[in-house]
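S.K.: Structure supplied as entry_37.cif; contents: mmCIF, C-alpha atoms; chains and numbers go by the auth columns.
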data_input
loop_
_atom_site.group_PDB
_atom_site.id
_atom_site.type_symbol
_atom_site.label_atom_id
_atom_site.label_comp_id
_atom_site.label_asym_id
_atom_site.label_seq_id
_atom_site.Cartn_x
_atom_site.Cartn_y
_atom_site.Cartn_z
_atom_site.B_iso_or_equiv
_atom_site.auth_seq_id
_atom_site.auth_asym_id
ATOM 1 C CA MET A 1 105.761 107.650 138.171 0.00 1 A
ATOM 2 C CA ILE A 2 103.845 109.765 135.642 0.00 2 A
ATOM 3 C CA LYS A 3 100.067 109.705 136.122 0.00 3 A
ATOM 4 C CA ILE A 4 98.167 109.855 132.837 0.00 4 A
ATOM 5 C CA LEU A 5 94.551 110.854 132.256 0.00 5 A
ATOM 6 C CA MET A 6 93.459 108.980 129.112 0.00 6 A
ATOM 7 C CA HIS A 7 90.884 111.070 127.223 0.00 7 A
ATOM 8 C CA GLY A 8 89.029 108.714 124.888 0.00 8 A
ATOM 9 C CA CYS A 9 90.141 105.651 126.838 0.00 9 A
ATOM 10 C CA ASN A 10 87.695 103.170 125.313 0.00 10 A
ATOM 11 C CA GLY A 11 88.373 103.955 121.654 0.00 11 A
ATOM 12 C CA LYS A 12 90.785 101.851 119.595 0.00 12 A
ATOM 13 C CA MET A 13 93.811 103.988 120.417 0.00 13 A
ATOM 14 C CA GLY A 14 92.738 104.442 124.025 0.00 14 A
ATOM 15 C CA ARG A 15 92.584 100.678 124.531 0.00 15 A
ATOM 16 C CA MET A 16 95.929 100.257 122.809 0.00 16 A
ATOM 17 C CA ILE A 17 97.584 102.887 125.010 0.00 17 A
ATOM 18 C CA THR A 18 96.058 101.242 128.081 0.00 18 A
ATOM 19 C CA ASP A 19 97.846 98.005 127.155 0.00 19 A
ATOM 20 C CA ILE A 20 101.122 99.809 126.416 0.00 20 A
ATOM 21 C CA VAL A 21 101.151 101.634 129.774 0.00 21 A
ATOM 22 C CA LYS A 22 100.589 98.363 131.649 0.00 22 A
ATOM 23 C CA ASN A 23 104.140 97.390 130.679 0.00 23 A
ATOM 24 C CA ASP A 24 105.701 100.786 131.346 0.00 24 A
ATOM 25 C CA GLU A 25 107.498 101.075 134.688 0.00 25 A
ATOM 26 C CA ASN A 26 107.492 104.870 134.577 0.00 26 A
ATOM 27 C CA ALA A 27 103.837 105.601 133.819 0.00 27 A
ATOM 28 C CA VAL A 28 100.362 104.647 134.975 0.00 28 A
ATOM 29 C CA ILE A 29 96.889 105.591 133.772 0.00 29 A
ATOM 30 C CA SER A 30 95.225 107.066 136.847 0.00 30 A
ATOM 31 C CA ALA A 31 91.840 107.630 135.159 0.00 31 A
ATOM 32 C CA GLY A 32 90.057 107.591 131.848 0.00 32 A
ATOM 33 C CA VAL A 33 87.299 109.634 130.247 0.00 33 A
ATOM 34 C CA ASP A 34 84.923 108.201 127.650 0.00 34 A
ATOM 35 C CA ALA A 35 81.236 108.559 126.863 0.00 35 A
ATOM 36 C CA TYR A 36 81.122 104.758 126.632 0.00 36 A
ATOM 37 C CA THR A 37 81.907 103.486 130.131 0.00 37 A
ATOM 38 C CA ALA A 38 80.839 99.838 129.870 0.00 38 A
ATOM 39 C CA VAL A 39 84.335 98.565 129.000 0.00 39 A
ATOM 40 C CA PRO A 40 86.088 97.106 132.086 0.00 40 A
ATOM 41 C CA ASN A 41 89.310 98.895 133.036 0.00 41 A
ATOM 42 C CA ASP A 42 91.922 98.714 135.761 0.00 42 A
ATOM 43 C CA TYR A 43 91.373 102.425 136.425 0.00 43 A
ATOM 44 C CA PRO A 44 88.251 104.546 137.040 0.00 44 A
ATOM 45 C CA VAL A 45 86.466 105.778 133.921 0.00 45 A
ATOM 46 C CA PHE A 46 84.287 108.889 133.847 0.00 46 A
ATOM 47 C CA GLU A 47 81.759 109.749 131.171 0.00 47 A
ATOM 48 C CA SER A 48 82.879 113.393 131.145 0.00 48 A
ATOM 49 C CA LEU A 49 85.841 115.493 132.217 0.00 49 A
ATOM 50 C CA GLU A 50 83.649 117.438 134.625 0.00 50 A
ATOM 51 C CA LYS A 51 82.989 114.256 136.615 0.00 51 A
ATOM 52 C CA CYS A 52 86.647 113.245 136.806 0.00 52 A
ATOM 53 C CA ASP A 53 88.027 113.804 140.309 0.00 53 A
ATOM 54 C CA VAL A 54 91.274 111.816 140.005 0.00 54 A
ATOM 55 C CA ASP A 55 94.656 113.567 139.984 0.00 55 A
ATOM 56 C CA ALA A 56 96.882 113.334 136.922 0.00 56 A
ATOM 57 C CA ASP A 57 100.151 114.821 135.679 0.00 57 A
ATOM 58 C CA VAL A 58 99.329 114.860 131.964 0.00 58 A
ATOM 59 C CA VAL A 59 96.510 114.088 129.526 0.00 59 A
ATOM 60 C CA ILE A 60 96.720 111.942 126.400 0.00 60 A
ATOM 61 C CA ASP A 61 93.893 112.767 124.022 0.00 61 A
ATOM 62 C CA PHE A 62 92.660 110.332 121.364 0.00 62 A
ATOM 63 C CA SER A 63 89.019 111.380 121.238 0.00 63 A
ATOM 64 C CA ASN A 64 87.267 113.391 118.532 0.00 64 A
ATOM 65 C CA ALA A 65 87.394 116.957 117.285 0.00 65 A
ATOM 66 C CA GLY A 66 84.089 117.829 118.947 0.00 66 A
ATOM 67 C CA ALA A 67 85.535 117.116 122.384 0.00 67 A
ATOM 68 C CA VAL A 68 88.735 119.143 122.038 0.00 68 A
ATOM 69 C CA ASP A 69 87.333 122.546 123.040 0.00 69 A
ATOM 70 C CA GLY A 70 86.076 121.193 126.350 0.00 70 A
ATOM 71 C CA LEU A 71 89.344 119.341 126.879 0.00 71 A
ATOM 72 C CA LEU A 72 91.392 122.508 126.422 0.00 72 A
ATOM 73 C CA ASP A 73 89.165 124.402 128.866 0.00 73 A
ATOM 74 C CA TYR A 74 89.536 121.597 131.418 0.00 74 A
ATOM 75 C CA CYS A 75 93.323 121.436 131.044 0.00 75 A
ATOM 76 C CA MET A 76 93.683 125.195 131.419 0.00 76 A
ATOM 77 C CA GLU A 77 91.498 125.134 134.534 0.00 77 A
ATOM 78 C CA LYS A 78 93.522 122.264 136.058 0.00 78 A
ATOM 79 C CA ASN A 79 96.870 123.474 134.671 0.00 79 A
ATOM 80 C CA LEU A 80 97.370 120.091 132.979 0.00 80 A
ATOM 81 C CA PRO A 81 99.684 119.532 130.004 0.00 81 A
ATOM 82 C CA VAL A 82 98.086 117.621 127.132 0.00 82 A
ATOM 83 C CA VAL A 83 99.355 115.396 124.322 0.00 83 A
ATOM 84 C CA LEU A 84 96.832 116.290 121.630 0.00 84 A
ATOM 85 C CA CYS A 85 96.472 113.394 119.168 0.00 85 A
ATOM 86 C CA THR A 86 92.969 114.055 117.851 0.00 86 A
ATOM 87 C CA THR A 87 92.965 115.062 114.168 0.00 87 A
ATOM 88 C CA GLY A 88 90.566 117.015 111.978 0.00 88 A
ATOM 89 C CA LEU A 89 90.572 120.182 114.071 0.00 89 A
ATOM 90 C CA SER A 90 89.049 123.310 112.545 0.00 90 A
ATOM 91 C CA GLU A 91 91.029 126.514 112.026 0.00 91 A
ATOM 92 C CA GLU A 92 89.201 127.996 115.018 0.00 92 A
ATOM 93 C CA GLN A 93 90.208 125.051 117.180 0.00 93 A
ATOM 94 C CA LEU A 94 93.819 125.260 116.047 0.00 94 A
ATOM 95 C CA GLU A 95 93.813 128.908 117.091 0.00 95 A
ATOM 96 C CA LYS A 96 92.407 127.903 120.464 0.00 96 A
ATOM 97 C CA VAL A 97 95.222 125.355 120.809 0.00 97 A
ATOM 98 C CA LYS A 98 97.763 128.124 120.240 0.00 98 A
ATOM 99 C CA THR A 99 96.041 130.370 122.750 0.00 99 A
ATOM 100 C CA ALA A 100 95.880 127.589 125.346 0.00 100 A
ATOM 101 C CA SER A 101 99.606 126.888 124.871 0.00 101 A
ATOM 102 C CA GLN A 102 100.319 130.271 126.441 0.00 102 A
ATOM 103 C CA GLN A 103 99.008 128.828 129.692 0.00 103 A
ATOM 104 C CA ILE A 104 99.741 125.081 129.491 0.00 104 A
ATOM 105 C CA ALA A 105 102.140 122.736 127.703 0.00 105 A
ATOM 106 C CA ILE A 106 100.630 121.200 124.561 0.00 106 A
ATOM 107 C CA LEU A 107 102.289 118.631 122.334 0.00 107 A
ATOM 108 C CA LYS A 108 100.859 118.165 118.855 0.00 108 A
ATOM 109 C CA SER A 109 102.492 116.396 115.899 0.00 109 A
ATOM 110 C CA ALA A 110 101.394 115.308 112.432 0.00 110 A
ATOM 111 C CA ASN A 111 102.475 111.780 113.360 0.00 111 A
ATOM 112 C CA MET A 112 103.102 110.362 116.837 0.00 112 A
ATOM 113 C CA SER A 113 105.476 107.599 115.695 0.00 113 A
ATOM 114 C CA MET A 114 108.972 107.857 117.168 0.00 114 A
ATOM 115 C CA GLY A 115 110.377 106.432 113.939 0.00 115 A
ATOM 116 C CA ILE A 116 108.666 108.973 111.685 0.00 116 A
ATOM 117 C CA ASN A 117 109.855 111.843 113.832 0.00 117 A
ATOM 118 C CA LEU A 118 113.409 110.562 113.785 0.00 118 A
ATOM 119 C CA LEU A 119 113.046 110.249 110.005 0.00 119 A
ATOM 120 C CA LEU A 120 112.022 113.912 109.821 0.00 120 A
ATOM 121 C CA LYS A 121 115.335 114.883 111.376 0.00 121 A
ATOM 122 C CA LEU A 122 117.377 112.473 109.231 0.00 122 A
ATOM 123 C CA LEU A 123 115.752 113.725 106.025 0.00 123 A
ATOM 124 C CA ALA A 124 116.568 117.330 106.863 0.00 124 A
ATOM 125 C CA GLU A 125 120.232 116.412 107.282 0.00 125 A
ATOM 126 C CA ALA A 126 120.290 114.315 104.105 0.00 126 A
ATOM 127 C CA ALA A 127 118.589 117.060 102.099 0.00 127 A
ATOM 128 C CA LYS A 128 121.277 119.585 103.025 0.00 128 A
ATOM 129 C CA VAL A 129 123.873 117.321 101.420 0.00 129 A
ATOM 130 C CA LEU A 130 121.981 115.716 98.537 0.00 130 A
ATOM 131 C CA GLY A 131 119.772 118.624 97.427 0.00 131 A
ATOM 132 C CA PRO A 132 122.629 120.971 96.474 0.00 132 A
ATOM 133 C CA ALA A 133 124.343 118.008 94.794 0.00 133 A
ATOM 134 C CA GLY A 134 121.472 117.791 92.318 0.00 134 A
ATOM 135 C CA TYR A 135 119.661 114.688 93.557 0.00 135 A
ATOM 136 C CA ASP A 136 116.012 114.429 92.535 0.00 136 A
ATOM 137 C CA ILE A 137 113.607 113.936 95.439 0.00 137 A
ATOM 138 C CA GLU A 138 110.507 111.751 95.271 0.00 138 A
ATOM 139 C CA LEU A 139 108.134 110.590 97.994 0.00 139 A
ATOM 140 C CA VAL A 140 105.750 107.623 97.850 0.00 140 A
ATOM 141 C CA GLU A 141 103.190 107.000 100.601 0.00 141 A
ATOM 142 C CA ARG A 142 100.906 103.981 100.946 0.00 142 A
ATOM 143 C CA HIS A 143 97.845 103.617 103.168 0.00 143 A
ATOM 144 C CA HIS A 144 94.728 101.470 103.557 0.00 144 A
ATOM 145 C CA ASN A 145 91.778 101.759 101.206 0.00 145 A
ATOM 146 C CA GLN A 146 89.621 103.587 103.772 0.00 146 A
ATOM 147 C CA LYS A 147 91.863 106.650 104.034 0.00 147 A
ATOM 148 C CA VAL A 148 90.152 109.619 102.419 0.00 148 A
ATOM 149 C CA ASP A 149 92.923 112.244 102.299 0.00 149 A
ATOM 150 C CA ALA A 150 95.823 112.138 99.864 0.00 150 A
ATOM 151 C CA PRO A 151 98.632 112.787 100.249 0.00 151 A
ATOM 152 C CA SER A 152 98.775 111.925 103.928 0.00 152 A
ATOM 153 C CA GLY A 153 99.605 114.524 106.536 0.00 153 A
ATOM 154 C CA THR A 154 102.740 112.552 107.347 0.00 154 A
ATOM 155 C CA ALA A 155 103.867 112.630 103.703 0.00 155 A
ATOM 156 C CA LEU A 156 103.492 116.400 103.670 0.00 156 A
ATOM 157 C CA ALA A 157 105.391 116.680 106.958 0.00 157 A
ATOM 158 C CA LEU A 158 108.265 114.667 105.456 0.00 158 A
ATOM 159 C CA ALA A 159 108.282 116.848 102.354 0.00 159 A
ATOM 160 C CA ASP A 160 108.167 119.988 104.495 0.00 160 A
ATOM 161 C CA SER A 161 111.138 118.793 106.545 0.00 161 A
ATOM 162 C CA ILE A 162 113.172 118.429 103.360 0.00 162 A
ATOM 163 C CA ASN A 163 111.960 121.696 101.878 0.00 163 A
ATOM 164 C CA GLU A 164 112.632 123.718 105.012 0.00 164 A
ATOM 165 C CA ALA A 165 116.197 122.390 105.071 0.00 165 A
ATOM 166 C CA LEU A 166 116.586 123.667 101.486 0.00 166 A
ATOM 167 C CA ASP A 167 115.231 127.193 102.068 0.00 167 A
ATOM 168 C CA ASN A 168 111.723 126.260 100.860 0.00 168 A
ATOM 169 C CA LYS A 169 112.723 126.550 97.207 0.00 169 A
ATOM 170 C CA TYR A 170 111.054 123.293 96.139 0.00 170 A
ATOM 171 C CA THR A 171 107.506 122.929 94.832 0.00 171 A
ATOM 172 C CA TYR A 172 105.339 119.834 95.316 0.00 172 A
ATOM 173 C CA VAL A 173 104.035 117.907 92.320 0.00 173 A
ATOM 174 C CA TYR A 174 101.187 115.456 92.925 0.00 174 A
ATOM 175 C CA ASP A 175 100.198 114.505 89.381 0.00 175 A
ATOM 176 C CA ARG A 176 102.265 114.411 86.188 0.00 176 A
ATOM 177 C CA SER A 177 99.560 112.933 83.962 0.00 177 A
ATOM 178 C CA GLN A 178 98.223 116.279 82.749 0.00 178 A
ATOM 179 C CA VAL A 179 101.489 117.831 81.564 0.00 179 A
ATOM 180 C CA ARG A 180 104.033 116.287 79.195 0.00 180 A
ATOM 181 C CA LYS A 181 107.389 117.732 80.169 0.00 181 A
ATOM 182 C CA LYS A 182 110.605 116.799 81.862 0.00 182 A
ATOM 183 C CA ARG A 183 110.904 116.858 85.601 0.00 183 A
ATOM 184 C CA GLU A 184 111.859 120.249 87.047 0.00 184 A
ATOM 185 C CA LYS A 185 115.003 120.437 89.156 0.00 185 A
ATOM 186 C CA ASP A 186 113.423 122.049 92.211 0.00 186 A
ATOM 187 C CA GLU A 187 110.393 119.846 92.726 0.00 187 A
ATOM 188 C CA ILE A 188 109.424 117.060 95.094 0.00 188 A
ATOM 189 C CA GLY A 189 107.145 114.467 93.560 0.00 189 A
ATOM 190 C CA ILE A 190 104.578 113.042 95.983 0.00 190 A
ATOM 191 C CA SER A 191 102.631 109.901 95.060 0.00 191 A
ATOM 192 C CA ALA A 192 99.801 108.282 97.040 0.00 192 A
ATOM 193 C CA VAL A 193 98.825 104.592 96.983 0.00 193 A
ATOM 194 C CA ARG A 194 95.602 103.338 98.573 0.00 194 A
ATOM 195 C CA GLY A 195 94.854 99.671 99.082 0.00 195 A
ATOM 196 C CA GLY A 196 94.053 96.835 101.454 0.00 196 A
ATOM 197 C CA THR A 197 94.860 97.305 105.123 0.00 197 A
ATOM 198 C CA ILE A 198 98.216 99.088 104.839 0.00 198 A
ATOM 199 C CA VAL A 199 98.650 100.953 108.128 0.00 199 A
ATOM 200 C CA GLY A 200 101.234 103.391 106.818 0.00 200 A
ATOM 201 C CA ASP A 201 104.246 103.206 104.544 0.00 201 A
ATOM 202 C CA HIS A 202 106.413 106.184 103.580 0.00 202 A
ATOM 203 C CA GLU A 203 109.393 106.080 101.233 0.00 203 A
ATOM 204 C CA VAL A 204 111.634 109.008 100.332 0.00 204 A
ATOM 205 C CA ILE A 205 113.939 108.655 97.346 0.00 205 A
ATOM 206 C CA PHE A 206 117.002 110.765 96.591 0.00 206 A
ATOM 207 C CA ALA A 207 117.913 109.852 93.004 0.00 207 A
ATOM 208 C CA GLY A 208 121.257 111.015 91.613 0.00 208 A
ATOM 209 C CA THR A 209 123.412 110.010 88.662 0.00 209 A
ATOM 210 C CA ASP A 210 124.080 106.271 88.980 0.00 210 A
ATOM 211 C CA GLU A 211 123.120 106.352 92.660 0.00 211 A
ATOM 212 C CA VAL A 212 119.888 106.133 94.658 0.00 212 A
ATOM 213 C CA ILE A 213 119.493 106.664 98.410 0.00 213 A
ATOM 214 C CA GLU A 214 116.198 105.614 100.004 0.00 214 A
ATOM 215 C CA PHE A 215 114.686 106.275 103.407 0.00 215 A
ATOM 216 C CA LYS A 216 111.693 104.165 104.352 0.00 216 A
ATOM 217 C CA HIS A 217 109.372 103.830 107.332 0.00 217 A
ATOM 218 C CA THR A 218 106.725 101.131 107.669 0.00 218 A
ATOM 219 C CA ALA A 219 104.105 100.994 110.412 0.00 219 A
ATOM 220 C CA TYR A 220 102.820 97.445 110.876 0.00 220 A
ATOM 221 C CA SER A 221 100.229 98.421 113.469 0.00 221 A
ATOM 222 C CA ARG A 222 98.826 101.526 115.095 0.00 222 A
ATOM 223 C CA SER A 223 100.665 100.662 118.286 0.00 223 A
ATOM 224 C CA VAL A 224 103.632 102.721 117.054 0.00 224 A
ATOM 225 C CA PHE A 225 101.460 105.827 117.414 0.00 225 A
ATOM 226 C CA GLY A 226 100.357 104.753 120.883 0.00 226 A
ATOM 227 C CA LYS A 227 103.933 104.149 122.006 0.00 227 A
ATOM 228 C CA GLY A 228 104.909 107.581 120.745 0.00 228 A
ATOM 229 C CA ALA A 229 102.020 109.188 122.616 0.00 229 A
ATOM 230 C CA VAL A 230 103.109 107.563 125.874 0.00 230 A
ATOM 231 C CA GLU A 231 106.708 108.722 125.413 0.00 231 A
ATOM 232 C CA ALA A 232 105.385 112.191 124.628 0.00 232 A
ATOM 233 C CA ALA A 233 103.304 112.204 127.819 0.00 233 A
ATOM 234 C CA LYS A 234 106.298 111.265 129.952 0.00 234 A
ATOM 235 C CA PHE A 235 108.280 114.070 128.336 0.00 235 A
ATOM 236 C CA LEU A 236 105.532 116.690 128.611 0.00 236 A
ATOM 237 C CA ALA A 237 104.662 116.203 132.278 0.00 237 A
ATOM 238 C CA GLY A 238 106.217 119.101 134.168 0.00 238 A
ATOM 239 C CA GLN A 239 107.157 121.138 131.092 0.00 239 A
ATOM 240 C CA GLU A 240 106.546 124.874 130.935 0.00 240 A
ATOM 241 C CA ALA A 241 103.669 126.300 128.903 0.00 241 A
ATOM 242 C CA GLY A 242 104.185 126.313 125.160 0.00 242 A
ATOM 243 C CA MET A 243 103.765 124.349 121.945 0.00 243 A
ATOM 244 C CA TYR A 244 105.798 121.154 121.580 0.00 244 A
ATOM 245 C CA ASP A 245 106.046 118.385 119.001 0.00 245 A
ATOM 246 C CA MET A 246 107.609 114.945 118.792 0.00 246 A
ATOM 247 C CA GLY A 247 110.866 116.495 117.686 0.00 247 A
ATOM 248 C CA ASP A 248 111.216 117.777 121.245 0.00 248 A
ATOM 249 C CA VAL A 249 110.791 114.243 122.597 0.00 249 A
ATOM 250 C CA ILE A 250 113.581 112.768 120.474 0.00 250 A
ATOM 251 C CA HIS A 251 117.097 113.712 121.550 0.00 251 A
ATOM 252 C CA PHE A 252 119.105 114.003 118.325 0.00 252 A
#
Please lay out the structure from this file as structure tokens.
M.R.:
Amino acid sequence: MIKILMHGCNGKMGRMITDIVKNDENAVISAGVDAYTAVPNDYPVFESLEKCDVDADVVIDFSNAGAVDGLLDYCMEKNLPVVLCTTGLSEEQLEKVKTASQQIAILKSANMSMGINLLLKLLAEAAKVLGPAGYDIELVERHHNQKVDAPSGTALALADSINEALDNKYTYVYDRSQVRKKREKDEIGISAVRGGTIVGDHEVIFAGTDEVIEFKHTAYSRSVFGKGAVEAAKFLAGQEAGMYDMGDVIHF
């Protein structure tokens, strides 16, 4: 039984992961950490890491960027692996993550969904066949109207997976409205749609002569990210120090 310390347990994702783990026979949340402790839980909740005195095998972090430095220090002190899901880290923090990975196991991915990470692998394989055959590659991503970045980090990760499989010879085109010319052969078009409450929708199109192959992933709720984080935690517990991502979790 893997014992999880849930960092940011009373946020939206923390609550979601709490519900997911309740139905997992191989994991349990032994403790949580959150500045807001008024929410009732089936496990002890501490307002800071320093006050947490409950043993754990791994940490899942869905907190905020301001709390990550202290989390990394705590995990290095306790020799705890951490699934790092908090986004918006500064360049300095990303460097600290790399440094910490020399001492502890850290898993960090652009997207925690199992489906998206399987798609990353499938796209790389498809690109090796369809790219040299002259298929045009386009990517369309759709998200809710509150998302401020475009394209999404996941869209870029999908494009990167394709590009890396093709020796990074493709360029990314985000807007064709300013230039009137035909599509270049070695480009990946990336389009962003923002509207309503769309959780996340990513479509990759390989368009050839008289033939179109499409790969699509749709997230209907944020629980897919929570489920991925739990699977990542079960994988990471007991691993040697180093940087990991969701590709290591999926056996392909």
S.K.: Near Ile205 in chain A, within 9 Å and counting all atoms listed in the file, which residues show up once chain neighbours fewer than 3 positions away are dropped, as number ranges by chain?
M.R.: A: 136-140, 212-216
S.K.: Could you write out that same residue set with C-alpha atoms as a tab-separated table (two decimals), in the frame of the given file?
M.R.:
chain	number	residue	atom	x	y	z
A	136	ASP	CA	116.01	114.43	92.54
A	137	ILE	CA	113.61	113.94	95.44
A	138	GLU	CA	110.51	111.75	95.27
A	139	LEU	CA	108.13	110.59	97.99
A	140	VAL	CA	105.75	107.62	97.85
A	212	VAL	CA	119.89	106.13	94.66
A	213	ILE	CA	119.49	106.66	98.41
A	214	GLU	CA	116.20	105.61	100.00
A	215	PHE	CA	114.69	106.28	103.41
A	216	LYS	CA	111.69	104.16	104.35
S.K.: What do you get, as a list in words, if you spell out every residue that the PyMOL selection byres ((chain A and resi 2) around 6) selects here?
M.R.: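 Against this file, the PyMOL selection byres ((chain A and resi 2) around 6) returns the residues Met1, Lys3 and Ala27 of chain A.
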S.K.: Taking the file as I've supplied it (selection: the PyMOL selection byres ((chain A and resi 75) around 10)), which residues are included? Please answer as a PyMOL selection string.
M.R.: chain A and resi 49+58-59+70-74+76-82+100+103-106
S.K.: Taking all atoms of range 107-114 of chain A that appear in the file, build a box with edges along x, y and z, extend it by 4 Å on every side, and state its centre and edge lengths in Å to one decimal, as AutoDock Vina command-line options.
M.R.:
--center_x 104.9 --center_y 113.1 --center_z 117.4 --size_x 16.1 --size_y 19.0 --size_z 17.9
S.K.: Residues near Met13 in chain A, anyone? I mean within 8 Å using all atoms listed in the file, not counting same-chain ones fewer than 3 positions away, as a count of residues only.
M.R.: 8
S.K.: Have a look at A:Glu91, A:His202, A:Asp175, A:Val28 and name the one nearest to Leu119 in chain A; count all atoms listed in the file.
M.R.: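 Ranked by minimum distance to Leu119 in chain A, first place goes to A:His202.
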S.K.: Do you know which residues are at most 8 Å from Gly195 in chain A counting only C-alpha atoms, after dropping those on the same chain fewer than 4 positions away, and could you put them as a PyMOL selection string?
M.R.: chain A and resi 142-145
S.K.: Please, what distance in Å, to one decimal, runs between CA of Val33 in chain A and CA of Asp69 in chain A?
M.R.: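 Separating CA of Val33 in chain A from CA of Asp69 in chain A is a distance of 14.8 Å.
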S.K.: Can you tell me how far CA of Ser48 in chain A sits from CA of Thr86 in chain A, in Å to one decimal?
M.R.: 16.7 Å
S.K.: Quick one: distance from CA of Gly11 in chain A to CA of Lys234 in chain A in Å, one decimal?
M.R.: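 So the answer is 21.1 Å.
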S.K.: Please provide the set of residues having any atom within 7 Å of Ala56 in chain A, restricted to only C-alpha atoms, with same-chain residues fewer than 3 positions apart removed, written as a list in words.
M.R.: Lys3, Ile4, Leu5 and Ser30 of chain A
S.K.: Which residue gives the smallest distance to His7 in chain A among A:Phe46, A:Leu118, A:Gly196, A:Ser63, with all atoms listed in the file counted?
M.R.: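 Looking at the shortest contact to His7 in chain A, the residue is A:Ser63.
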S.K.: Which of these residues is nearest to Thr99 in chain A, using all atoms listed in the file: A:Gly66, A:Ile20, A:Gly242, A:Ile60?
M.R.: A:Gly242
S.K.: Export range 114-131 of chain A from the structure block above, keeping N, CA and C atoms, as a compact mmCIF listing (two decimals), in the first residue's frame.
M.R.:
# COMPACT_ATOMS: atom_id res chain seq x y z
N MET A 114 -3.21 10.18 -18.52
CA MET A 114 -2.65 8.96 -19.08
C MET A 114 -2.88 8.93 -20.59
N GLY A 115 -4.06 9.37 -21.01
CA GLY A 115 -4.40 9.35 -22.43
C GLY A 115 -3.51 10.26 -23.25
N ILE A 116 -3.27 11.47 -22.77
CA ILE A 116 -2.40 12.41 -23.49
C ILE A 116 -1.00 11.85 -23.61
N ASN A 117 -0.51 11.24 -22.56
CA ASN A 117 0.86 10.73 -22.60
C ASN A 117 0.99 9.50 -23.48
N LEU A 118 -0.07 8.71 -23.57
CA LEU A 118 -0.07 7.63 -24.56
C LEU A 118 -0.10 8.23 -25.97
N LEU A 119 -0.89 9.29 -26.14
CA LEU A 119 -0.98 9.96 -27.44
C LEU A 119 0.38 10.50 -27.88
N LEU A 120 1.16 11.02 -26.94
CA LEU A 120 2.50 11.50 -27.27
C LEU A 120 3.34 10.41 -27.93
N LYS A 121 3.25 9.21 -27.39
CA LYS A 121 4.01 8.09 -27.94
C LYS A 121 3.46 7.66 -29.30
N LEU A 122 2.13 7.61 -29.42
CA LEU A 122 1.51 7.20 -30.68
C LEU A 122 1.83 8.19 -31.81
N LEU A 123 1.82 9.48 -31.47
CA LEU A 123 2.10 10.50 -32.49
C LEU A 123 3.53 10.40 -33.00
N ALA A 124 4.46 10.11 -32.10
CA ALA A 124 5.86 9.97 -32.51
C ALA A 124 6.00 8.82 -33.52
N GLU A 125 5.31 7.72 -33.26
CA GLU A 125 5.37 6.58 -34.18
C GLU A 125 4.70 6.91 -35.51
N ALA A 126 3.54 7.58 -35.45
CA ALA A 126 2.83 7.94 -36.67
C ALA A 126 3.64 8.92 -37.51
N ALA A 127 4.29 9.88 -36.83
CA ALA A 127 5.07 10.89 -37.55
C ALA A 127 6.21 10.27 -38.35
N LYS A 128 6.83 9.23 -37.80
CA LYS A 128 7.95 8.59 -38.49
C LYS A 128 7.52 7.97 -39.82
N VAL A 129 6.26 7.58 -39.89
CA VAL A 129 5.73 6.98 -41.12
C VAL A 129 5.14 8.04 -42.04
N LEU A 130 4.31 8.92 -41.49
CA LEU A 130 3.54 9.85 -42.30
C LEU A 130 4.30 11.11 -42.69
N GLY A 131 5.23 11.56 -41.84
CA GLY A 131 6.02 12.75 -42.17
C GLY A 131 6.83 12.57 -43.44
